[in-house]
file protein-v9.tsv (TSV, C-alpha atoms and all ligand atoms)
chain	number	residue	atom	x	y	z
A	16	MET	CA	4.88	18.14	-31.37
A	17	ARG	CA	8.18	18.78	-33.16
A	18	GLU	CA	9.15	22.41	-33.73
A	19	LYS	CA	10.83	23.79	-36.84
A	20	GLN	CA	14.50	23.57	-35.95
A	21	PHE	CA	15.60	26.85	-34.41
A	22	CYS	CA	19.23	26.36	-35.42
A	23	PRO	CA	20.62	25.08	-38.74
A	24	ILE	CA	23.38	23.02	-37.09
A	25	ALA	CA	21.29	21.62	-34.25
A	26	TYR	CA	22.19	18.00	-33.38
A	27	ARG	CA	25.22	18.09	-35.72
A	28	CYS	CA	27.41	20.16	-33.41
A	29	GLY	CA	26.54	18.27	-30.23
A	30	GLY	CA	25.65	21.40	-28.26
A	31	CYS	CA	21.85	20.96	-28.06
A	32	ASP	CA	19.76	18.08	-26.77
A	33	TYR	CA	16.32	19.65	-27.28
A	34	ALA	CA	16.77	21.55	-30.52
A	35	ASP	CA	13.40	20.75	-32.07
A	36	LEU	CA	11.13	20.45	-29.05
A	37	PRO	CA	8.87	23.40	-28.21
A	38	TYR	CA	10.41	25.14	-25.20
A	39	GLU	CA	7.32	24.38	-23.06
A	40	GLU	CA	7.88	20.65	-23.63
A	41	GLU	CA	11.56	20.99	-22.88
A	42	LEU	CA	10.69	22.60	-19.55
A	43	TYR	CA	8.26	19.77	-18.87
A	44	GLU	CA	11.07	17.23	-19.51
A	45	LYS	CA	13.43	19.14	-17.23
A	46	MET	CA	10.81	19.29	-14.51
A	47	TYR	CA	10.53	15.50	-14.80
A	48	LEU	CA	14.34	15.16	-14.50
A	49	ALA	CA	14.45	17.41	-11.44
A	50	LYS	CA	11.50	15.61	-9.78
A	51	ARG	CA	13.04	12.21	-10.44
A	52	GLN	CA	16.03	13.22	-8.31
A	53	LEU	CA	14.45	15.52	-5.74
A	54	ALA	CA	10.71	14.84	-5.28
A	55	SER	CA	11.32	12.12	-2.67
A	56	PHE	CA	12.82	14.78	-0.35
A	57	GLY	CA	9.94	17.27	-0.52
A	58	PRO	CA	8.08	19.66	-2.84
A	59	VAL	CA	9.72	20.68	-6.14
A	60	ALA	CA	8.45	24.07	-7.36
A	61	PRO	CA	7.69	24.55	-11.10
A	62	ILE	CA	10.84	25.20	-13.13
A	63	MET	CA	11.66	28.85	-13.90
A	64	GLY	CA	12.32	29.10	-17.66
A	65	MET	CA	13.61	31.90	-19.90
A	66	LYS	CA	11.40	34.32	-21.81
A	67	ARG	CA	13.69	34.14	-24.83
A	68	PRO	CA	15.61	30.86	-24.65
A	69	CYS	CA	18.30	31.73	-27.18
A	70	ARG	CA	21.53	33.80	-27.44
A	71	TYR	CA	22.02	33.28	-23.72
A	72	ARG	CA	25.58	31.92	-23.76
A	73	ASP	CA	27.86	34.76	-22.69
A	74	LYS	CA	30.81	32.36	-22.93
A	75	VAL	CA	31.82	30.65	-26.17
A	76	GLN	CA	34.60	28.11	-26.55
A	77	ALA	CA	35.70	27.18	-30.07
A	78	VAL	CA	38.09	24.44	-31.18
A	79	PHE	CA	40.08	24.99	-34.40
A	80	GLY	CA	40.81	22.44	-37.14
A	81	TYR	CA	40.42	21.70	-40.86
A	82	ASP	CA	37.48	20.48	-42.91
A	83	MET	CA	37.82	17.77	-45.60
A	84	LYS	CA	38.84	20.38	-48.17
A	85	GLY	CA	41.61	21.76	-45.98
A	86	ASN	CA	39.76	24.96	-44.98
A	87	ILE	CA	40.22	26.25	-41.44
A	88	ILE	CA	37.08	25.71	-39.37
A	89	SER	CA	36.10	26.38	-35.78
A	90	GLY	CA	33.40	24.72	-33.75
A	91	LEU	CA	32.68	22.01	-31.24
A	92	TYR	CA	33.50	18.35	-30.87
A	93	LYS	CA	30.42	16.29	-31.63
A	94	LYS	CA	29.05	14.85	-28.39
A	95	GLY	CA	31.05	11.88	-27.11
A	96	SER	CA	33.58	12.09	-29.95
A	97	HIS	CA	36.67	13.91	-31.13
A	98	HIS	CA	35.03	14.83	-34.40
A	99	LEU	CA	35.08	18.60	-34.95
A	100	THR	CA	31.86	20.08	-36.37
A	101	ALA	CA	32.08	23.54	-37.90
A	102	VAL	CA	29.79	25.95	-36.06
A	103	LYS	CA	28.68	29.02	-37.93
A	104	ASP	CA	26.37	31.15	-35.87
A	105	CYS	CA	25.04	28.94	-33.10
A	106	ALA	CA	21.63	30.16	-31.89
A	107	LEU	CA	22.67	29.90	-28.23
A	108	GLU	CA	25.87	31.94	-28.43
A	109	PHE	CA	25.92	35.68	-27.83
A	110	GLU	CA	25.26	37.85	-30.87
A	111	GLY	CA	28.52	38.77	-32.55
A	112	ALA	CA	30.58	35.76	-31.38
A	113	GLU	CA	30.62	34.16	-34.83
A	114	LYS	CA	31.78	37.41	-36.49
A	115	ILE	CA	34.84	37.43	-34.22
A	116	LEU	CA	35.56	33.74	-34.83
A	117	SER	CA	35.18	34.23	-38.59
A	118	THR	CA	37.72	37.09	-38.49
A	119	ILE	CA	40.12	34.88	-36.51
A	120	ARG	CA	39.82	32.12	-39.15
A	121	LYS	CA	40.58	34.64	-41.93
A	122	LEU	CA	43.49	36.18	-40.01
A	123	MET	CA	44.95	32.72	-39.39
A	124	LYS	CA	45.16	32.24	-43.13
A	125	SER	CA	46.88	35.55	-43.75
A	126	PHE	CA	49.30	35.02	-40.84
A	127	ASN	CA	49.98	31.43	-41.92
A	128	MET	CA	48.83	30.32	-38.48
A	129	LYS	CA	47.70	26.69	-38.37
A	130	PRO	CA	45.13	24.97	-36.18
A	131	TYR	CA	46.83	22.82	-33.56
A	132	ASN	CA	46.65	19.07	-34.08
A	133	GLU	CA	46.25	17.25	-30.75
A	134	ASP	CA	47.48	13.95	-32.22
A	135	THR	CA	50.66	15.16	-33.91
A	136	PHE	CA	51.25	18.14	-31.56
A	137	GLU	CA	51.81	20.32	-34.65
A	138	GLY	CA	50.22	23.66	-35.50
A	139	ASP	CA	49.44	26.78	-33.48
A	140	LEU	CA	45.95	27.85	-32.42
A	141	ARG	CA	44.06	25.28	-30.38
A	142	HIS	CA	41.05	27.05	-28.83
A	143	VAL	CA	39.52	30.48	-28.57
A	144	LEU	CA	37.47	31.46	-25.56
A	145	LEU	CA	35.19	34.48	-25.83
A	146	ARG	CA	33.32	35.95	-22.91
A	147	LYS	CA	30.93	38.88	-23.11
A	148	GLY	CA	29.75	40.99	-20.21
A	149	HIS	CA	25.98	40.76	-20.65
A	150	LYS	CA	25.28	44.32	-19.48
A	151	SER	CA	28.67	45.97	-20.01
A	152	GLY	CA	29.11	44.59	-23.56
A	153	GLU	CA	32.86	44.19	-22.84
A	154	ILE	CA	34.41	41.19	-24.62
A	155	LEU	CA	37.32	39.07	-23.44
A	156	CYS	CA	39.12	36.94	-26.02
A	157	VAL	CA	41.58	34.24	-24.94
A	158	LEU	CA	43.79	32.67	-27.62
A	159	VAL	CA	44.98	29.23	-26.57
A	160	PHE	CA	48.00	27.94	-28.48
A	161	GLY	CA	49.14	24.31	-28.54
A	162	ASN	CA	52.79	25.37	-28.44
A	163	LYS	CA	54.90	28.50	-28.09
A	164	TYR	CA	56.22	28.79	-31.63
A	165	PHE	CA	53.88	31.38	-33.14
A	166	LYS	CA	55.86	34.61	-32.94
A	167	ARG	CA	53.56	37.26	-34.41
A	168	LYS	CA	50.96	37.29	-31.62
A	169	LYS	CA	51.07	41.05	-31.04
A	170	GLU	CA	50.53	41.82	-34.74
A	171	PHE	CA	47.74	39.25	-34.91
A	172	VAL	CA	45.98	40.77	-31.92
A	173	SER	CA	46.40	44.29	-33.26
A	174	ASP	CA	44.66	43.25	-36.51
A	175	LEU	CA	41.93	41.44	-34.57
A	176	VAL	CA	41.03	44.35	-32.28
A	177	GLY	CA	41.35	46.74	-35.23
A	178	LYS	CA	38.52	44.82	-36.89
A	179	HIS	CA	36.59	44.24	-33.64
A	180	PRO	CA	36.82	47.25	-31.34
A	181	GLU	CA	34.14	45.57	-29.17
A	182	ILE	CA	36.93	43.27	-27.90
A	183	THR	CA	38.20	45.07	-24.82
A	184	THR	CA	40.91	42.62	-23.78
A	185	VAL	CA	42.90	39.74	-25.28
A	186	SER	CA	44.84	37.15	-23.30
A	187	TYR	CA	46.86	34.20	-24.41
A	188	GLN	CA	48.05	30.91	-23.07
A	189	VAL	CA	50.16	28.00	-24.28
A	190	ASN	CA	48.34	24.79	-23.41
A	191	GLY	CA	49.86	21.65	-24.88
A	192	ASP	CA	48.40	19.45	-22.12
A	193	GLU	CA	46.75	16.21	-23.17
A	194	THR	CA	43.42	17.23	-21.70
A	195	SER	CA	40.09	18.51	-22.92
A	196	MET	CA	40.35	21.50	-20.55
A	197	VAL	CA	40.43	24.66	-22.67
A	198	LEU	CA	42.43	26.69	-20.16
A	199	ASN	CA	44.70	25.61	-17.42
A	200	GLU	CA	44.75	28.00	-14.53
A	201	SER	CA	48.33	29.17	-14.76
A	202	ARG	CA	50.38	31.07	-17.31
A	203	ILE	CA	47.70	33.30	-18.82
A	204	GLU	CA	49.27	36.44	-20.26
A	205	THR	CA	47.54	39.64	-21.29
A	206	LEU	CA	48.28	40.83	-24.84
A	207	TYR	CA	45.83	43.71	-25.00
A	208	GLY	CA	43.65	45.64	-22.51
A	209	ARG	CA	43.24	44.98	-18.78
A	210	GLY	CA	43.28	41.17	-18.84
A	211	TYR	CA	39.72	40.91	-17.50
A	212	ILE	CA	36.23	42.24	-18.24
A	213	GLU	CA	33.62	43.70	-15.95
A	214	ASP	CA	29.91	43.03	-15.85
A	215	GLU	CA	26.90	43.85	-13.75
A	216	LEU	CA	24.77	41.28	-11.95
A	217	CYS	CA	22.00	41.87	-9.40
A	218	GLY	CA	22.97	45.55	-9.24
A	219	LEU	CA	26.65	44.87	-8.45
A	220	LYS	CA	29.75	45.15	-10.60
A	221	PHE	CA	31.87	42.03	-11.14
A	222	ARG	CA	35.34	41.65	-12.53
A	223	ILE	CA	35.87	38.39	-14.46
A	224	SER	CA	39.35	37.04	-15.26
A	225	PRO	CA	39.93	34.40	-17.97
A	226	ALA	CA	40.30	31.43	-15.58
A	227	SER	CA	37.60	32.43	-13.07
A	228	PHE	CA	34.30	30.60	-13.01
A	229	TYR	CA	31.40	32.89	-13.87
A	230	GLN	CA	27.89	31.74	-14.81
A	231	ILE	CA	27.31	31.73	-18.58
A	232	ASN	CA	23.67	32.84	-18.60
A	233	ALA	CA	23.44	36.25	-16.94
A	234	VAL	CA	19.65	36.62	-17.24
A	235	GLN	CA	18.92	33.35	-15.44
A	236	THR	CA	21.77	33.86	-12.95
A	237	GLU	CA	19.88	36.83	-11.51
A	238	THR	CA	16.83	34.57	-11.08
A	239	LEU	CA	18.97	31.79	-9.59
A	240	TYR	CA	20.67	34.03	-7.03
A	241	ASP	CA	17.37	35.65	-6.14
A	242	VAL	CA	15.85	32.22	-5.43
A	243	ALA	CA	18.89	31.09	-3.39
A	244	ILE	CA	19.02	34.27	-1.29
A	245	LYS	CA	15.26	34.31	-0.65
A	246	MET	CA	15.44	30.67	0.49
A	247	ALA	CA	18.03	31.66	3.11
A	248	ARG	CA	15.55	34.17	4.65
A	249	LEU	CA	18.30	36.59	5.60
A	250	THR	CA	17.36	39.32	8.08
A	251	GLY	CA	20.64	41.24	8.31
A	252	ARG	CA	21.83	39.42	11.47
A	253	GLU	CA	23.26	36.27	9.88
A	254	ARG	CA	26.81	35.05	9.54
A	255	VAL	CA	27.00	33.51	6.06
A	256	LEU	CA	29.50	31.15	4.45
A	257	ASP	CA	29.63	30.99	0.63
A	258	VAL	CA	31.58	27.87	-0.30
A	259	TYR	CA	32.75	27.14	-3.85
A	260	CYS	CA	32.27	30.91	-4.23
A	261	GLY	CA	33.97	31.60	-7.61
A	262	THR	CA	34.31	35.36	-8.05
A	263	GLY	CA	32.19	35.90	-4.92
A	264	THR	CA	28.92	36.53	-6.70
A	265	ILE	CA	26.40	34.78	-4.40
A	266	GLY	CA	28.12	35.97	-1.22
A	267	LEU	CA	28.40	39.58	-2.37
A	268	VAL	CA	24.75	39.74	-3.43
A	269	ALA	CA	23.78	38.13	-0.10
A	270	SER	CA	26.02	40.51	1.89
A	271	ARG	CA	23.43	43.27	1.49
A	272	LYS	CA	21.08	41.24	3.70
A	273	ALA	CA	23.58	39.61	6.07
A	274	LYS	CA	25.79	40.70	8.96
A	275	GLU	CA	28.92	39.04	7.62
A	276	VAL	CA	29.92	36.89	4.65
A	277	ILE	CA	32.96	34.68	4.18
A	278	GLY	CA	33.58	33.22	0.72
A	279	VAL	CA	35.91	30.25	0.12
A	280	GLU	CA	37.33	29.24	-3.23
A	281	LEU	CA	40.23	27.16	-4.53
A	282	ASN	CA	40.97	29.11	-7.72
A	283	LYS	CA	43.54	31.85	-7.04
A	284	ALA	CA	42.37	34.15	-9.88
A	285	ALA	CA	38.73	33.87	-8.79
A	286	VAL	CA	39.60	34.75	-5.17
A	287	LYS	CA	41.55	37.80	-6.36
A	288	ASP	CA	38.51	38.82	-8.44
A	289	ALA	CA	36.18	38.25	-5.45
A	290	LYS	CA	38.29	40.51	-3.18
A	291	ILE	CA	38.42	43.24	-5.81
A	292	ASN	CA	34.68	42.81	-6.43
A	293	ALA	CA	33.97	43.46	-2.73
A	294	GLU	CA	36.07	46.66	-2.80
A	295	ARG	CA	34.65	47.77	-6.13
A	296	ASN	CA	31.12	47.59	-4.68
A	297	ASN	CA	32.06	49.18	-1.34
A	298	ILE	CA	31.11	46.01	0.52
A	299	ASP	CA	32.96	45.83	3.81
A	300	ASN	CA	31.18	42.91	5.48
A	301	ALA	CA	32.50	40.25	3.07
A	302	GLN	CA	35.91	38.58	2.93
A	303	PHE	CA	37.28	35.90	0.62
A	304	ILE	CA	39.71	33.13	1.35
A	305	GLU	CA	41.72	30.95	-1.02
A	306	ALA	CA	41.33	27.45	0.40
A	307	ASP	CA	39.84	24.05	-0.05
A	308	CYS	CA	36.38	24.49	1.44
A	309	SER	CA	36.38	21.12	3.26
A	310	VAL	CA	39.62	22.01	5.03
A	311	PHE	CA	38.34	25.51	5.81
A	312	MET	CA	35.06	24.26	7.31
A	313	LYS	CA	36.82	21.62	9.39
A	314	GLU	CA	39.09	24.30	10.82
A	315	MET	CA	36.13	26.60	11.54
A	316	ALA	CA	34.29	23.73	13.28
A	317	LYS	CA	37.38	23.01	15.40
A	318	ARG	CA	37.42	26.66	16.48
A	319	LYS	CA	33.68	26.42	17.27
A	320	GLU	CA	32.86	29.21	14.81
A	321	HIS	CA	29.15	29.37	14.04
A	322	PHE	CA	27.53	30.15	10.68
A	323	ASP	CA	23.80	30.65	10.33
A	324	VAL	CA	23.68	29.98	6.60
A	325	VAL	CA	25.93	28.09	4.17
A	326	PHE	CA	25.49	28.61	0.44
A	327	MET	CA	27.14	25.78	-1.47
A	328	ASP	CA	27.52	25.65	-5.25
A	329	PRO	CA	29.90	22.81	-6.18
A	330	PRO	CA	30.98	21.73	-9.69
A	331	ARG	CA	28.92	19.14	-11.64
A	332	SER	CA	30.59	16.26	-9.78
A	333	GLY	CA	28.99	17.56	-6.57
A	334	SER	CA	30.64	17.45	-3.16
A	335	ASP	CA	32.43	14.59	-1.48
A	336	GLU	CA	32.32	12.94	1.92
A	337	ARG	CA	35.18	15.09	3.15
A	338	PHE	CA	33.19	18.23	2.39
A	339	LEU	CA	29.86	16.89	3.66
A	340	SER	CA	31.28	15.58	6.94
A	341	SER	CA	32.99	18.97	7.55
A	342	LEU	CA	29.70	20.71	6.81
A	343	ILE	CA	27.91	18.54	9.37
A	344	LYS	CA	30.63	19.30	11.93
A	345	LEU	CA	30.28	23.02	11.24
A	346	GLY	CA	26.50	22.64	11.75
A	347	PRO	CA	24.92	25.73	10.13
A	348	ASP	CA	21.20	26.25	10.75
A	349	THR	CA	20.42	26.53	7.03
A	350	ILE	CA	22.06	25.10	3.92
A	351	VAL	CA	21.18	26.41	0.47
A	352	TYR	CA	22.54	23.96	-2.09
A	353	VAL	CA	22.82	25.26	-5.68
A	354	SER	CA	23.65	22.55	-8.22
A	355	CYS	CA	23.97	22.08	-11.97
A	356	ASN	CA	23.59	18.32	-11.57
A	357	PRO	CA	20.55	17.08	-9.61
A	358	GLU	CA	21.93	13.53	-9.67
A	359	THR	CA	25.05	14.33	-7.61
A	360	GLN	CA	22.97	16.75	-5.57
A	361	ARG	CA	20.59	13.92	-4.62
A	362	ARG	CA	23.56	11.78	-3.51
A	363	ASP	CA	24.84	14.64	-1.31
A	364	LEU	CA	21.40	15.39	0.15
A	365	LEU	CA	20.97	11.72	1.10
A	366	TYR	CA	24.31	11.90	2.94
A	367	LEU	CA	23.36	15.08	4.81
A	368	GLU	CA	19.97	13.63	5.82
A	369	LYS	CA	21.49	10.33	6.89
A	370	PHE	CA	24.52	11.55	8.79
A	371	GLY	CA	23.50	15.08	9.75
A	372	PRO	CA	20.59	16.74	11.53
A	373	TYR	CA	19.24	18.10	8.22
A	374	ARG	CA	16.03	17.85	6.25
A	375	VAL	CA	15.14	19.16	2.82
A	376	TYR	CA	12.30	21.72	2.84
A	377	GLY	CA	11.93	22.29	-0.88
A	378	SER	CA	13.59	22.62	-4.27
A	379	GLN	CA	13.44	25.11	-7.11
A	380	PRO	CA	14.68	24.20	-10.61
A	381	VAL	CA	15.90	27.09	-12.79
A	382	ASP	CA	16.60	26.67	-16.50
A	383	MET	CA	20.13	28.01	-16.89
A	384	PHE	CA	20.89	26.07	-20.08
A	385	PRO	CA	17.92	26.09	-22.52
A	386	ARG	CA	18.05	23.56	-25.38
A	387	THR	CA	20.45	21.34	-23.43
A	388	GLU	CA	19.56	18.55	-21.01
A	389	HIS	CA	21.20	20.36	-18.08
A	390	VAL	CA	19.04	21.51	-15.17
A	391	GLU	CA	20.08	23.77	-12.30
A	392	THR	CA	18.37	23.25	-8.94
A	393	VAL	CA	18.38	25.10	-5.63
A	394	VAL	CA	17.56	23.11	-2.51
A	395	LEU	CA	16.80	24.40	0.97
A	396	MET	CA	17.90	22.31	3.96
A	397	SER	CA	17.46	23.18	7.62
A	398	ARG	CA	18.42	21.61	10.90
A	399	VAL	CA	15.85	19.43	12.61
A	400	GLU	CA	16.20	18.70	16.28
A	401	ARG	CA	16.38	14.97	16.90
A	501	LIG	C1	29.89	25.84	-10.01
A	501	LIG	S1	31.20	26.95	-9.61
A	501	LIG	C2	30.30	28.09	-8.61
A	501	LIG	C3	30.86	29.49	-8.51
A	501	LIG	C4	29.97	30.56	-7.94
A	501	LIG	N1	29.19	30.12	-6.82
A	501	LIG	C5	29.10	31.20	-9.01
A	501	LIG	O1	27.86	31.10	-8.94
A	501	LIG	O2	29.64	31.82	-9.93
A	501	LIG	C6	32.16	25.98	-8.53
A	501	LIG	C7	33.41	26.64	-7.99
A	501	LIG	O3	33.97	25.79	-6.99
A	501	LIG	C8	35.38	25.91	-7.03
A	501	LIG	N2	35.90	24.72	-6.31
A	501	LIG	C9	35.96	23.45	-6.76
A	501	LIG	N3	36.41	22.63	-5.79
A	501	LIG	C10	36.65	23.40	-4.70
A	501	LIG	C11	37.12	23.13	-3.38
A	501	LIG	N4	37.45	21.90	-2.99
A	501	LIG	N5	37.24	24.16	-2.51
A	501	LIG	C12	36.92	25.42	-2.89
A	501	LIG	N6	36.46	25.74	-4.13
A	501	LIG	C13	36.33	24.74	-5.03
A	501	LIG	C14	35.69	26.02	-8.52
A	501	LIG	O4	36.95	26.62	-8.72
A	501	LIG	C15	34.51	26.90	-9.01
A	501	LIG	O5	34.86	28.27	-8.97
call {"tool": "encode", "arguments": {"input": "protein-v9.tsv", "output": "C-alpha cells"}}
result
Amino acid sequence: MREKQFCPIAYRCGGCDYADLPYEEELYEKMYLAKRQLASFGPVAPIMGMKRPCRYRDKVQAVFGYDMKGNIISGLYKKGSHHLTAVKDCALEFEGAEKILSTIRKLMKSFNMKPYNEDTFEGDLRHVLLRKGHKSGEILCVLVFGNKYFKRKKEFVSDLVGKHPEITTVSYQVNGDETSMVLNESRIETLYGRGYIEDELCGLKFRISPASFYQINAVQTETLYDVAIKMARLTGRERVLDVYCGTGTIGLVASRKAKEVIGVELNKAAVKDAKINAERNNIDNAQFIEADCSVFMKEMAKRKEHFDVVFMDPPRSGSDERFLSSLIKLGPDTIVYVSCNPETQRRDLLYLEKFGPYRVYGSQPVDMFPRTEHVETVVLMSRVER
C-alpha cells in the first residue's frame, strides 16, 4: 500500500528510493536485497530498522546553482543526471540544516557571491558540507569554492556564524577539480573555530575533521557497531585489527573488550583523528597507522604476526584481490565484514571461501539509510580446518 509522501520533494531531488512505501515494506524489500546476496552463504537475521526513520542524516552536502528565474538555489543533482533540484527542508537531513543553507543563499546575494558553474568554471561557491554531532550538537560547515577569487570569506563567515551560533567551526577549500567529489583531501583551511567537531558514539568521544569518513546515521551506527563487536565474541584476550578504520571508531569501541587493537587507514586526517580519539578516551591498547591496508597486512603476515579478529569495513566498491589475498595470508581466526554494498561483499566472501580457509556463519542487515535503496550488512566469517 502506498503511503502519503513523507517529503514534499521526494523523487524530484533524487535522494530517496522508497519515499512513499510504508517503512515496514521498505524493510521487507531490503531484507530481500540482503538475502539475494547473502542467503546462499548461511542464515541472514531479520534487518534491524530505525524507530523513527527520518532526520537521520548528520551530514548534508548541497550543490549551489540558479533556477530558471535566476534565483540562487541549493540542493542535489537528480539521480543519474547533472540537473540540480532545489531542496528545501529534506525530511532525512538533520533539523536545522535547511535554515543554515537558506542563510547562505541570502548572504551570497548580499555579498555578490555567485554559484560556481562547472561547465564555464565561473562563479564562486560550489558546495557546502554540513556535519552535525548527533549528541554534541556541534556543527561543522565547509564552504567549497570553485576558484580562489572570492576575497571576503572572513566577513562572510562572520555574518554566517553571527546568524547561526550553533555552527561551531567553518572550514574552506578551493576545489576546481573536474570531479563529483565534494572535498578533496588536501588544502582544507579553517576560517572559524577548531576546524573539527566532536561527537559521542557508544559512550566514547570522537573528533571528526572535514575530510574524515564518519558514519552519517549516529543512531544506527551504535546498533551496527554493537552487532559487529558481539559477532567477534571478544573476551579481552584478543589481538584485533581494524582495517579501513576511518577515525578509529570500530576499533576504539572494540578496544574495551580486547587485549590490543591496531587500526589501519589511508586518509591522513582520519588517522590523526583516530590517534587523538584514543588519547581523548584514555585508551592505551589501541594504535593507528596510516597505510594501505593490503600492504600493511602483507607485511604483518611476512613477520608472522597473528591477529585473532579482523574487522573490515571497506568503501562501497568493496575490497580487491590484493586485500583479500593479504587477509588470507595473515590468517585471522575471525573476520567481521561490515559493508554498505552487499553485492561487492558477496563477491569478496566468495573469494575468501574459495581461496581461504573461511566460512560464513551468519549475516545481519542494519538499515543505516532509511528511504534509500542502500543496505548495510555485517557478516561473520571464521576459519574452518580443512
Ligand atoms: C566505509 S569507510 C569505514 C570507516 C570506519 N570503519 C567507520 O565505521 O567509520 C572506509 C574507509 O576506508 C578507507 N580506505 C579506503 N581504501 C583504503 C585502503 N586501501 N587502505 C586503508 N584504508 C582505506 C577510507 O578512507 C575510509 O575511511
call {"tool": "atom_distance", "arguments": {"input": "protein-v9.tsv", "atom1": "CA of Ser397 (chain A)", "atom2": "CA of Val242 (chain A)"}}
result
16.0 Å
call {"tool": "residues_around", "arguments": {"input": "protein-v9.tsv", "residues": "Met315 (chain A)", "least_positions_apart": "4", "cutoff": "10 Å", "atoms": "only C-alpha atoms", "output": "ChimeraX atom specification"}}
result
/A:309-311,319-322,341-342,344-345
call {"tool": "residues_near_point", "arguments": {"input": "protein-v9.tsv", "point": "(27.7, 31.9, -18.0)", "cutoff": "10 Å", "atoms": "all atoms listed in the file", "output": "list in words"}}
result
Tyr71, Arg72, Asp73, Lys74, Val75, Arg146, Lys147, Gly148, His149, Phe228, Tyr229, Gln230, Ile231, Asn232, Ala233, Val234, Gln235, Thr236, Met383 and Phe384 of chain A
call {"tool": "closest_residue", "arguments": {"input": "protein-v9.tsv", "among": "A:Ile298, A:Val286, A:Val255, A:Ala101", "to": "ligand LIG 501 (chain A)", "atoms": "only C-alpha atoms and all ligand atoms"}}
result
A:Val286
call {"tool": "closest_residue", "arguments": {"input": "protein-v9.tsv", "among": "A:Glu253, A:Asp214, A:Asp241, A:Asp134", "to": "Asp192 (chain A)", "atoms": "all atoms listed in the file"}}
result
A:Asp134
call {"tool": "residues_near_ligand", "arguments": {"input": "protein-v9.tsv", "ligand": "ligand LIG 501 (chain A)", "cutoff": "10 Å", "atoms": "all atoms listed in the file", "output": "count of residues only"}}
result
53
call {"tool": "atom_distance", "arguments": {"input": "protein-v9.tsv", "atom1": "CA of Val394 (chain A)", "atom2": "CA of Leu36 (chain A)"}}
result
27.4 Å
call {"tool": "atom_distance", "arguments": {"input": "protein-v9.tsv", "atom1": "CA of Gly191 (chain A)", "atom2": "CA of Val159 (chain A)"}}
result
9.2 Å
call {"tool": "residues_around", "arguments": {"input": "protein-v9.tsv", "residues": "Ile154 (chain A)", "least_positions_apart": "5", "cutoff": "9 Å", "atoms": "all atoms listed in the file", "output": "list in words"}}
result
Leu145, Arg146, Lys147, Gly148, Glu181, Ile182, Thr183, Thr184, Val185, Tyr211 and Ile212 of chain A
call {"tool": "closest_residue", "arguments": {"input": "protein-v9.tsv", "among": "A:Val172, A:Val102, A:Val268, A:Ala54", "to": "Glu215 (chain A)", "atoms": "all atoms listed in the file"}}
result
A:Val268
call {"tool": "residues_around", "arguments": {"input": "protein-v9.tsv", "residues": "Thr118 (chain A)", "least_positions_apart": "6", "cutoff": "10 Å", "atoms": "all atoms listed in the file", "output": "VMD selection string"}}
result
chain A and resid 174 to 175 178 to 179
